[in-house]
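Visitor: Structure in structure tokens, see below.
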There are 2 protein chains.
Amino acid sequence: MSQKIVLTADRPTGCLHLGHFIGSLKSRVELQHIYKQYVMVADVQALTDYFTNPTRVVDNVLEVVADYISVGIDPNITTIFIQSQIPALPELMTYYMNLVSIARLERNPTVKAEIALRKFEESVPTGFVCYPISQVADMTAFKAEVIPVGDDQLPMIEQANEVVRKFNKLYNTNCLKEMKPYLSNTGRLAGIDGKAKASKSLNNAIFLSDEPEVVKQKVYSMFTDPDHLKVSDPGKVEGNVVFMYLDAFYEDKEEIASLKEQYKKGGLGDMTLKSLLNDTLQKMLIPIREKRKALTKKYLLDICMNGSLSARKIADQTLYEVKNAIGINYFNK
Amino acid sequence: MSQKIVLTADRPTGCLHLGHFIGSLKSRVELQHIYKQYVMVADVQALTDYFTNPTRVVDNVLEVVADYISVGIDPNITTIFIQSQIPALPELMTYYMNLVSIARLERNPTVKAEIALRKFEESVPTGFVCYPISQVADMTAFKAEVIPVGDDQLPMIEQANEVVRKFNKLYNTNCLKEMKPYLSNTGRLAGIDGKAKASKSLNNAIFLSDEPEVVKQKVYSMFTDPDHLKVSDPGKVEGNVVFMYLDAFYEDKEEIASLKEQYKKGGLGDMTLKSLLNDTLQKMLIPIREKRKALTKKYLLDICMNGSLSARKIADQTLYEVKNAIGINYFNK
């Protein structure tokens, strides 16, 4: 099999929004034709964060899968699976945990930043600190070599490759593959309030599953330039969320450039721009929403089950090779 | 099933010695008639320590099982299994890792002492720090309620019960059982050199599988009282390894008491005592050694495989209950 493998994942803690769409989902729709693609619903990883509120995770698993299908990820060519249904993953993690020191984990900049964001303080759960090792298990289980990430995730790939090299050297094998990050060239999409992070809890994201009137209401409440009071006033483009979204979703880039010029000079109203953005998003979201509404729970469960069964086979094979390298396949060498 | 479950384990890092016999194996031979007994060869746990030298672990798995059978642990009533062959264990561990903070792990006195013993310094492997959580998985997987331990292991049971209570409360279940320590009344058997720890690397232990001449040579090189030069000199009983071993293995306690009096007064030679101890041990070890020699590799592998298959069923059932409580059995509720 010469086709390279690409793996991506989402923590199912809410429906997916336009930020996910532009930052990752759209590219997965293309990548599935270039590589063998695995897409994982990372419920176990989400639980390292939401273990006190598991329904938040459980209730969103099928929502996320519905989002995948509705944007065009094709379950006939992409293997969509649920992390908790692949027993080889925690087994692999166990063996990798010996190869990473606690000190190294605590130095990981991504994890450090995430710990600071949450309010764990002195009692950071072990599961949370260890999730980079769990990610190494996810990536190596499927021998993924291409990992689409934002640049905030680069330390994760670096740490994963450290484990891969250490394992292969120590156990004299080449069963684990090193990974290469596949950096997306789109930055993160801000929330409609202009905050860097768009999320369900801040209610500042436009979800792929939002109804038309909700999308419209969110677009019209977008943060623009607070000093741009009259249409004739000159307006600021930087930090203006409407322009950020137009940059991301409006296809005619020349027209956007000219609208920006006009806005800066004065004479272009926020309402005109918001109406343009609303039309753009509505048009884009119609087929996604229609496809989503046609999906039944049974269909989604079947996709997850079939995908998980097929992912399990691949991960079991890797686990077999890993245990063979260590020497602990006592019954079936 | 009203019969309580007892679980014990050994790290397969060497053959078992007289310290294991008197401290644990003898009592397991009795416990198997009182409780449903599981005995685990803890190869995964041993690897948290010996991951750079896995053959040390791998080569000792069957040796340890041979020791079990040779002392009278009966595979027809005791389930003997290998940790690495039970995939539910690392899965359970994953969910428990969310319930224990890194700070709590690092406060565990048993682990602290073990880290100090080893020379990890700044780079303590994550697997090593987390092995108490792995033990919670082992114990809860089989719903063990009786855990034979030395008192140095009490903090482990305490920490395990914390996890059990936290899990049952958080996920509104009673699928995990609290454990009670079953303290053995025999202290730790010293090495033949008088050091507290008897081990293969110090070459100061008498192994169950030692040949008669090796046993004899070890008994005759035992540390006694360095000031007891002539037979007529008064001797010290405290710290005298020969008396420690006689206390542990010689059945006639009255005779031992009178020998101690005589030794303290003077007139009883070390050689006389060593000869008595040698006879005692040789007699005890003959049937063990004979039984051990009759065991084939195939027979031992069969025992491990059958035991592991049957342990797997029990652990899978617990994992099912645990995942049900969290809510992540999507396909088979």
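Residues are referred to by chain and number: the chain letter is A, B, ... according to the order shown in the structure tokens, the number counts from 1 in that chain, and ligands are numbered separately from 1 in the order shown.
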Please produce, as JSON lines, a per-residue contact table for chain B versus chain A (criterion: any atom at most 8 Å away, only C-alpha atoms considered), showing the nearest atom pair and its distance in Å to one decimal, sorted by chain then residue number.
Guide:
{"residue": "B:Leu47", "atom": "CA", "partner": "A:Asn98", "partner_atom": "CA", "distance": 7.7}
{"residue": "B:Thr48", "atom": "CA", "partner": "A:Asn98", "partner_atom": "CA", "distance": 5.6}
{"residue": "B:Phe51", "atom": "CA", "partner": "A:Asn98", "partner_atom": "CA", "distance": 6.7}
{"residue": "B:Thr52", "atom": "CA", "partner": "A:Leu170", "partner_atom": "CA", "distance": 6.7}
{"residue": "B:Pro54", "atom": "CA", "partner": "A:Ile326", "partner_atom": "CA", "distance": 6.3}
{"residue": "B:Thr55", "atom": "CA", "partner": "A:Gly327", "partner_atom": "CA", "distance": 7.2}
{"residue": "B:Val58", "atom": "CA", "partner": "A:Ile328", "partner_atom": "CA", "distance": 6.4}
{"residue": "B:Ser84", "atom": "CA", "partner": "A:Ile328", "partner_atom": "CA", "distance": 7.3}
{"residue": "B:Pro87", "atom": "CA", "partner": "A:Glu91", "partner_atom": "CA", "distance": 6.6}
{"residue": "B:Ala88", "atom": "CA", "partner": "A:Pro87", "partner_atom": "CA", "distance": 7.5}
{"residue": "B:Pro90", "atom": "CA", "partner": "A:Glu91", "partner_atom": "CA", "distance": 5.4}
{"residue": "B:Glu91", "atom": "CA", "partner": "A:Pro90", "partner_atom": "CA", "distance": 5.5}
{"residue": "B:Thr94", "atom": "CA", "partner": "A:Pro90", "partner_atom": "CA", "distance": 6.6}
{"residue": "B:Tyr95", "atom": "CA", "partner": "A:Gly127", "partner_atom": "CA", "distance": 7.7}
{"residue": "B:Tyr96", "atom": "CA", "partner": "A:Gly127", "partner_atom": "CA", "distance": 7.9}
{"residue": "B:Met97", "atom": "CA", "partner": "A:Gly127", "partner_atom": "CA", "distance": 4.6}
{"residue": "B:Asn98", "atom": "CA", "partner": "A:Gly127", "partner_atom": "CA", "distance": 4.6}
{"residue": "B:Leu99", "atom": "CA", "partner": "A:Pro125", "partner_atom": "CA", "distance": 6.4}
{"residue": "B:Val100", "atom": "CA", "partner": "A:Pro125", "partner_atom": "CA", "distance": 5.6}
{"residue": "B:Ser101", "atom": "CA", "partner": "A:Pro125", "partner_atom": "CA", "distance": 4.1}
{"residue": "B:Ile102", "atom": "CA", "partner": "A:Thr126", "partner_atom": "CA", "distance": 5.0}
{"residue": "B:Ala103", "atom": "CA", "partner": "A:Ser123", "partner_atom": "CA", "distance": 6.2}
{"residue": "B:Arg104", "atom": "CA", "partner": "A:Ser123", "partner_atom": "CA", "distance": 7.8}
{"residue": "B:Glu122", "atom": "CA", "partner": "A:Ala103", "partner_atom": "CA", "distance": 6.9}
{"residue": "B:Ser123", "atom": "CA", "partner": "A:Ser101", "partner_atom": "CA", "distance": 5.1}
{"residue": "B:Val124", "atom": "CA", "partner": "A:Ser101", "partner_atom": "CA", "distance": 5.2}
{"residue": "B:Pro125", "atom": "CA", "partner": "A:Ser101", "partner_atom": "CA", "distance": 4.1}
{"residue": "B:Thr126", "atom": "CA", "partner": "A:Ile102", "partner_atom": "CA", "distance": 5.0}
{"residue": "B:Gly127", "atom": "CA", "partner": "A:Met97", "partner_atom": "CA", "distance": 4.6}
{"residue": "B:Phe128", "atom": "CA", "partner": "A:Asn98", "partner_atom": "CA", "distance": 6.8}
{"residue": "B:Val129", "atom": "CA", "partner": "A:Ile102", "partner_atom": "CA", "distance": 7.9}
{"residue": "B:Leu170", "atom": "CA", "partner": "A:Thr52", "partner_atom": "CA", "distance": 6.7}
{"residue": "B:Leu301", "atom": "CA", "partner": "A:Phe331", "partner_atom": "CA", "distance": 7.4}
{"residue": "B:Met305", "atom": "CA", "partner": "A:Phe331", "partner_atom": "CA", "distance": 7.0}
{"residue": "B:Ile326", "atom": "CA", "partner": "A:Pro54", "partner_atom": "CA", "distance": 6.3}
{"residue": "B:Gly327", "atom": "CA", "partner": "A:Val58", "partner_atom": "CA", "distance": 6.6}
{"residue": "B:Ile328", "atom": "CA", "partner": "A:Val58", "partner_atom": "CA", "distance": 6.4}
{"residue": "B:Tyr330", "atom": "CA", "partner": "A:Leu301", "partner_atom": "CA", "distance": 7.8}
{"residue": "B:Phe331", "atom": "CA", "partner": "A:Met305", "partner_atom": "CA", "distance": 7.0}
Visitor: Based on the selection just made, write C-alpha atoms of those residues as a short mmCIF file (atom, residue, chain, number, x, y, z; two decimals), in the first residue's frame.
Guide:
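Listed below is the output, selection-v6.cif:
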data_model
loop_
_atom_site.label_atom_id
_atom_site.label_comp_id
_atom_site.auth_asym_id
_atom_site.auth_seq_id
_atom_site.Cartn_x
_atom_site.Cartn_y
_atom_site.Cartn_z
CA LEU B 47 8.00 -2.77 31.94
CA THR B 48 7.35 0.62 33.56
CA PHE B 51 11.27 -0.86 29.45
CA THR B 52 14.86 -0.48 28.28
CA PRO B 54 12.26 -6.00 28.08
CA THR B 55 13.90 -9.44 27.83
CA VAL B 58 9.78 -11.51 28.99
CA SER B 84 -0.40 -7.65 28.89
CA PRO B 87 -6.79 -5.27 26.84
CA ALA B 88 -9.50 -4.00 29.22
CA PRO B 90 -5.27 -0.11 29.91
CA GLU B 91 -8.75 0.99 28.82
CA THR B 94 -7.46 5.62 30.78
CA TYR B 95 -10.76 6.52 32.42
CA TYR B 96 -9.31 6.41 35.93
CA MET B 97 -6.48 8.74 34.88
CA ASN B 98 -9.01 11.57 34.74
CA LEU B 99 -9.86 11.05 38.40
CA VAL B 100 -6.36 11.31 39.86
CA SER B 101 -4.29 14.46 39.78
CA ILE B 102 -0.61 14.41 38.95
CA ALA B 103 0.01 16.08 42.31
CA ARG B 104 -1.82 13.25 44.13
CA GLU B 122 14.52 14.53 36.74
CA SER B 123 13.21 12.14 34.12
CA VAL B 124 10.75 9.85 35.90
CA PRO B 125 8.86 8.02 33.16
CA THR B 126 5.14 8.79 33.02
CA GLY B 127 4.38 5.07 33.03
CA PHE B 128 6.21 4.65 36.31
CA VAL B 129 4.48 7.54 38.07
CA LEU B 170 -19.43 10.78 39.62
CA LEU B 301 1.93 -21.45 28.14
CA MET B 305 -3.41 -18.67 27.79
CA ILE B 326 -19.80 7.01 31.51
CA GLY B 327 -22.27 6.64 28.64
CA ILE B 328 -19.89 5.66 25.85
CA TYR B 330 -22.74 3.71 21.63
CA PHE B 331 -23.41 0.47 19.78
#
Visitor: Contacts of Ser221 (chain A) at 9 Å or less, counting only C-alpha atoms, minus same-chain residues fewer than 4 places along, as a PDB file with N, CA and C atoms, in the first residue's frame?
Guide:
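Below you can see selection_13.pdb, which holds the result:
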ATOM      1  N   ILE A 192     -17.881  35.842  16.420  1.00  0.00           N
ATOM      2  CA  ILE A 192     -18.622  36.984  15.864  1.00  0.00           C
ATOM      3  C   ILE A 192     -18.452  38.235  16.728  1.00  0.00           C
ATOM      4  N   ASP A 193     -18.017  38.062  17.966  1.00  0.00           N
ATOM      5  CA  ASP A 193     -17.767  39.195  18.860  1.00  0.00           C
ATOM      6  C   ASP A 193     -16.330  39.711  18.737  1.00  0.00           C
ATOM      7  N   LYS A 216     -28.465  34.571  10.241  1.00  0.00           N
ATOM      8  CA  LYS A 216     -28.690  35.982   9.917  1.00  0.00           C
ATOM      9  C   LYS A 216     -28.518  36.856  11.165  1.00  0.00           C
ATOM     10  N   GLN A 217     -29.157  36.431  12.230  1.00  0.00           N
ATOM     11  CA  GLN A 217     -29.081  37.198  13.480  1.00  0.00           C
ATOM     12  C   GLN A 217     -27.624  37.301  13.953  1.00  0.00           C
TER      13      GLN A 217
END
Visitor: DSSP on the backbone, then: every residue of region 32-88 of chain A marked alpha helix (DSSP H), written as a ChimeraX atom specification.
Guide: /A:32-34,43-50,54-71,88
Visitor: Can you work out the spacing between CA of Ile206 (chain B) and CA of His17 (chain B) in Å, to one decimal?
Guide: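 Going from CA of Ile206 (chain B) over to CA of His17 (chain B) covers 5.4 Å.
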Visitor: Find the residues near Val164 (chain B): any atom within 8 Å, counting only C-alpha atoms, skip ones fewer than 6 places away on the same chain, and give them as a list in words.
Guide: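 Contacts, with the query itself left out: Thr140, Leu176, Lys177 and Glu178 of chain B.
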Visitor: Find the residues near Ser24 (chain B): any atom within 12 Å, counting only C-alpha atoms, skip ones fewer than 5 places away on the same chain, and give them as a PyMOL selection string.
Guide: chain B and resi 7-10+16-19+29-31+39+68+71+73+147-150+182-189
Visitor: Save out the residues we just selected, N, CA and C atoms, as a CSV table (one decimal), in the first residue's frame.
Guide:
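Output (again_0.csv):
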chain,number,residue,atom,x,y,z
B,7,LEU,N,-7.0,-10.8,44.7
B,7,LEU,CA,-6.1,-10.6,43.6
B,7,LEU,C,-4.7,-10.4,44.1
B,8,THR,N,-3.7,-11.1,43.6
B,8,THR,CA,-2.3,-10.8,43.9
B,8,THR,C,-1.5,-10.7,42.6
B,9,ALA,N,-0.3,-10.2,42.6
B,9,ALA,CA,0.4,-10.1,41.4
B,9,ALA,C,1.9,-10.1,41.7
B,10,ASP,N,2.7,-10.4,40.7
B,10,ASP,CA,4.2,-10.3,40.9
B,10,ASP,C,4.7,-9.7,39.6
B,16,LEU,N,11.1,-16.4,41.7
B,16,LEU,CA,10.6,-16.1,43.0
B,16,LEU,C,11.5,-16.8,44.0
B,17,HIS,N,11.7,-16.1,45.2
B,17,HIS,CA,12.6,-16.6,46.2
B,17,HIS,C,11.8,-16.9,47.5
B,18,LEU,N,12.6,-17.3,48.5
B,18,LEU,CA,12.0,-17.7,49.8
B,18,LEU,C,11.2,-16.5,50.4
B,19,GLY,N,11.6,-15.3,50.1
B,19,GLY,CA,10.9,-14.2,50.7
B,19,GLY,C,9.5,-14.1,50.1
B,29,VAL,N,-1.7,-20.2,48.5
B,29,VAL,CA,-2.1,-21.6,48.4
B,29,VAL,C,-3.3,-21.9,49.3
B,30,GLU,N,-3.4,-21.1,50.4
B,30,GLU,CA,-4.5,-21.3,51.3
B,30,GLU,C,-5.7,-20.5,50.8
B,31,LEU,N,-5.4,-19.2,50.4
B,31,LEU,CA,-6.5,-18.3,50.0
B,31,LEU,C,-7.3,-18.9,48.8
B,39,VAL,N,-4.4,-14.5,40.1
B,39,VAL,CA,-3.0,-14.2,40.2
B,39,VAL,C,-2.4,-13.7,38.9
B,68,TYR,N,4.7,-20.5,40.7
B,68,TYR,CA,3.4,-20.6,41.3
B,68,TYR,C,2.9,-22.0,41.4
B,71,VAL,N,4.8,-24.4,43.9
B,71,VAL,CA,4.5,-24.2,45.4
B,71,VAL,C,3.1,-24.7,45.7
B,73,ILE,N,0.0,-23.5,43.9
B,73,ILE,CA,-1.1,-22.7,43.4
B,73,ILE,C,-1.7,-23.5,42.3
B,147,ILE,N,-7.1,-7.8,49.1
B,147,ILE,CA,-5.8,-7.6,48.4
B,147,ILE,C,-4.7,-7.8,49.5
B,148,PRO,N,-4.1,-9.0,49.4
B,148,PRO,CA,-3.0,-9.3,50.3
B,148,PRO,C,-1.8,-8.4,50.0
B,149,VAL,N,-1.4,-7.7,51.0
B,149,VAL,CA,-0.3,-6.7,50.8
B,149,VAL,C,0.6,-6.6,52.0
B,150,GLY,N,1.8,-6.1,51.9
B,150,GLY,CA,2.6,-5.7,53.0
B,150,GLY,C,2.2,-4.3,53.4
B,182,TYR,N,-5.4,-7.2,53.0
B,182,TYR,CA,-5.3,-8.4,53.8
B,182,TYR,C,-3.8,-8.5,54.2
B,183,LEU,N,-3.5,-8.0,55.4
B,183,LEU,CA,-2.1,-7.9,55.8
B,183,LEU,C,-1.5,-9.2,56.2
B,184,SER,N,-0.4,-9.6,55.7
B,184,SER,CA,0.3,-10.8,56.1
B,184,SER,C,1.0,-10.5,57.4
B,185,ASN,N,1.0,-11.5,58.3
B,185,ASN,CA,1.6,-11.3,59.6
B,185,ASN,C,3.1,-11.6,59.6
B,186,THR,N,3.6,-12.0,58.4
B,186,THR,CA,5.1,-12.3,58.4
B,186,THR,C,5.7,-11.0,57.8
B,187,GLY,N,6.8,-10.6,58.4
B,187,GLY,CA,7.6,-9.5,57.9
B,187,GLY,C,8.3,-9.9,56.7
B,188,ARG,N,9.1,-8.9,56.2
B,188,ARG,CA,9.9,-9.2,55.0
B,188,ARG,C,11.1,-10.1,55.3
B,189,LEU,N,11.4,-11.0,54.5
B,189,LEU,CA,12.5,-11.9,54.8
B,189,LEU,C,13.8,-11.2,54.2
Visitor: Could you name the residues that touch Leu273 (chain A) at 9 Å or less, counting only C-alpha atoms, but leaving out those on the same chain fewer than 4 positions away, as a ChimeraX atom specification?
Guide: /A:242-243,246,259,268-269,277-278
Visitor: Grab the CA of Glu162 (chain B) to CA of Arg107 (chain A) distance for me, in Å with one decimal place.
Guide: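 Those two atoms sit 28.3 Å apart.
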Visitor: Considering only C-alpha atoms, can you say which of B:Lys264, B:Glu114, B:Ile80, B:Val146 comes closest to Ile5 (chain B)?
Guide: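 Closest to Ile5 (chain B) of all the choices is B:Val146.
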Visitor: Using only C-alpha atoms, which of the listed residues (A:Gln32, A:Thr224, A:Ser209, A:Asn161) sits closest to Leu285 (chain A)?
Guide: A:Ser209
Visitor: Per DSSP on the backbone, what are the strand (DSSP E) residues of region 4-185 of chain A, as a list in words?
Guide: Ile5, Val6, Leu7, Thr8, Ala9, Asp10, Lys36, Gln37, Tyr38, Val39, Met40, Val41, Thr78, Thr79, Ile80, Phe81, Ile82, Val146, Ile147, Pro148, Val149, Lys180, Pro181, Tyr182 and Leu183 of chain A
Visitor: Mind writing the picked residues with N, CA and C atoms as a short mmCIF file (atom, residue, chain, number, x, y, z; two decimals), in the first residue's frame?
Guide:
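Dumped everything to again29.cif:
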data_model
loop_
_atom_site.label_atom_id
_atom_site.label_comp_id
_atom_site.auth_asym_id
_atom_site.auth_seq_id
_atom_site.Cartn_x
_atom_site.Cartn_y
_atom_site.Cartn_z
N ILE A 5 -1.13 7.98 4.70
CA ILE A 5 -2.31 8.04 5.56
C ILE A 5 -2.38 9.38 6.26
N VAL A 6 -3.57 9.97 6.27
CA VAL A 6 -3.79 11.24 6.94
C VAL A 6 -4.80 11.01 8.05
N LEU A 7 -4.51 11.59 9.22
CA LEU A 7 -5.43 11.45 10.36
C LEU A 7 -5.77 12.82 10.93
N THR A 8 -7.05 13.04 11.16
CA THR A 8 -7.49 14.24 11.87
C THR A 8 -8.52 13.81 12.91
N ALA A 9 -8.79 14.71 13.84
CA ALA A 9 -9.73 14.37 14.90
C ALA A 9 -10.39 15.62 15.43
N ASP A 10 -11.55 15.45 16.04
CA ASP A 10 -12.21 16.54 16.75
C ASP A 10 -12.69 16.03 18.09
N LYS A 36 -5.23 8.13 2.04
CA LYS A 36 -6.21 7.31 2.77
C LYS A 36 -6.49 8.08 4.07
N GLN A 37 -7.73 8.49 4.25
CA GLN A 37 -8.04 9.39 5.36
C GLN A 37 -8.80 8.70 6.50
N TYR A 38 -8.30 8.93 7.73
CA TYR A 38 -9.00 8.52 8.94
C TYR A 38 -9.44 9.78 9.68
N VAL A 39 -10.70 9.81 10.10
CA VAL A 39 -11.18 10.94 10.90
C VAL A 39 -11.74 10.37 12.20
N MET A 40 -11.18 10.86 13.30
CA MET A 40 -11.53 10.29 14.60
C MET A 40 -12.36 11.26 15.44
N VAL A 41 -13.44 10.74 16.00
CA VAL A 41 -14.20 11.51 16.98
C VAL A 41 -13.56 11.21 18.34
N THR A 78 -13.51 7.81 3.39
CA THR A 78 -12.87 8.22 4.64
C THR A 78 -13.37 7.29 5.75
N THR A 79 -12.44 6.81 6.57
CA THR A 79 -12.85 5.98 7.70
C THR A 79 -13.15 6.89 8.90
N ILE A 80 -14.41 7.00 9.24
CA ILE A 80 -14.83 7.81 10.38
C ILE A 80 -15.03 6.87 11.56
N PHE A 81 -14.37 7.14 12.67
CA PHE A 81 -14.48 6.20 13.80
C PHE A 81 -14.46 6.95 15.13
N ILE A 82 -14.84 6.21 16.18
CA ILE A 82 -14.92 6.79 17.52
C ILE A 82 -13.77 6.24 18.38
N VAL A 146 0.74 12.06 7.64
CA VAL A 146 0.33 13.42 7.34
C VAL A 146 -0.68 13.86 8.39
N ILE A 147 -0.32 14.90 9.16
CA ILE A 147 -1.21 15.35 10.22
C ILE A 147 -1.54 16.83 10.01
N PRO A 148 -2.73 17.13 9.51
CA PRO A 148 -3.11 18.53 9.34
C PRO A 148 -3.30 19.18 10.71
N VAL A 149 -2.58 20.26 10.96
CA VAL A 149 -2.65 20.94 12.26
C VAL A 149 -2.50 22.45 12.08
N LYS A 180 4.50 14.04 9.61
CA LYS A 180 4.80 15.39 9.14
C LYS A 180 3.55 16.24 9.33
N PRO A 181 3.72 17.45 9.91
CA PRO A 181 2.55 18.33 10.02
C PRO A 181 2.17 18.84 8.64
N TYR A 182 0.88 18.99 8.40
CA TYR A 182 0.37 19.55 7.16
C TYR A 182 -0.31 20.84 7.60
N LEU A 183 0.43 21.95 7.46
CA LEU A 183 -0.07 23.23 7.99
C LEU A 183 -1.12 23.83 7.07
#
Visitor: Find the residues near Lys230 (chain A): any atom within 12 Å, counting only C-alpha atoms, skip ones fewer than 3 places away on the same chain, and give them as a list in words.
Guide: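 That gives Asp225, Pro226, Asp227, Asp233, Pro234, Gly235, Tyr263, Gly266, Gly267, Leu268, Gly269, Asp270 and Met271 of chain A.
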Visitor: B:Ala141, B:Met244, B:Leu300, B:Val64: which is nearest Phe207 (chain B), counting only C-alpha atoms?
Guide: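 Using only C-alpha atoms, the shortest distance to Phe207 (chain B) belongs to B:Val64.
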Visitor: Could you state the separation of CA of Asn168 (chain B) and CA of Tyr320 (chain B) in Å, given to one decimal place?
Guide: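 Here the two named atoms are 14.4 Å from each other.
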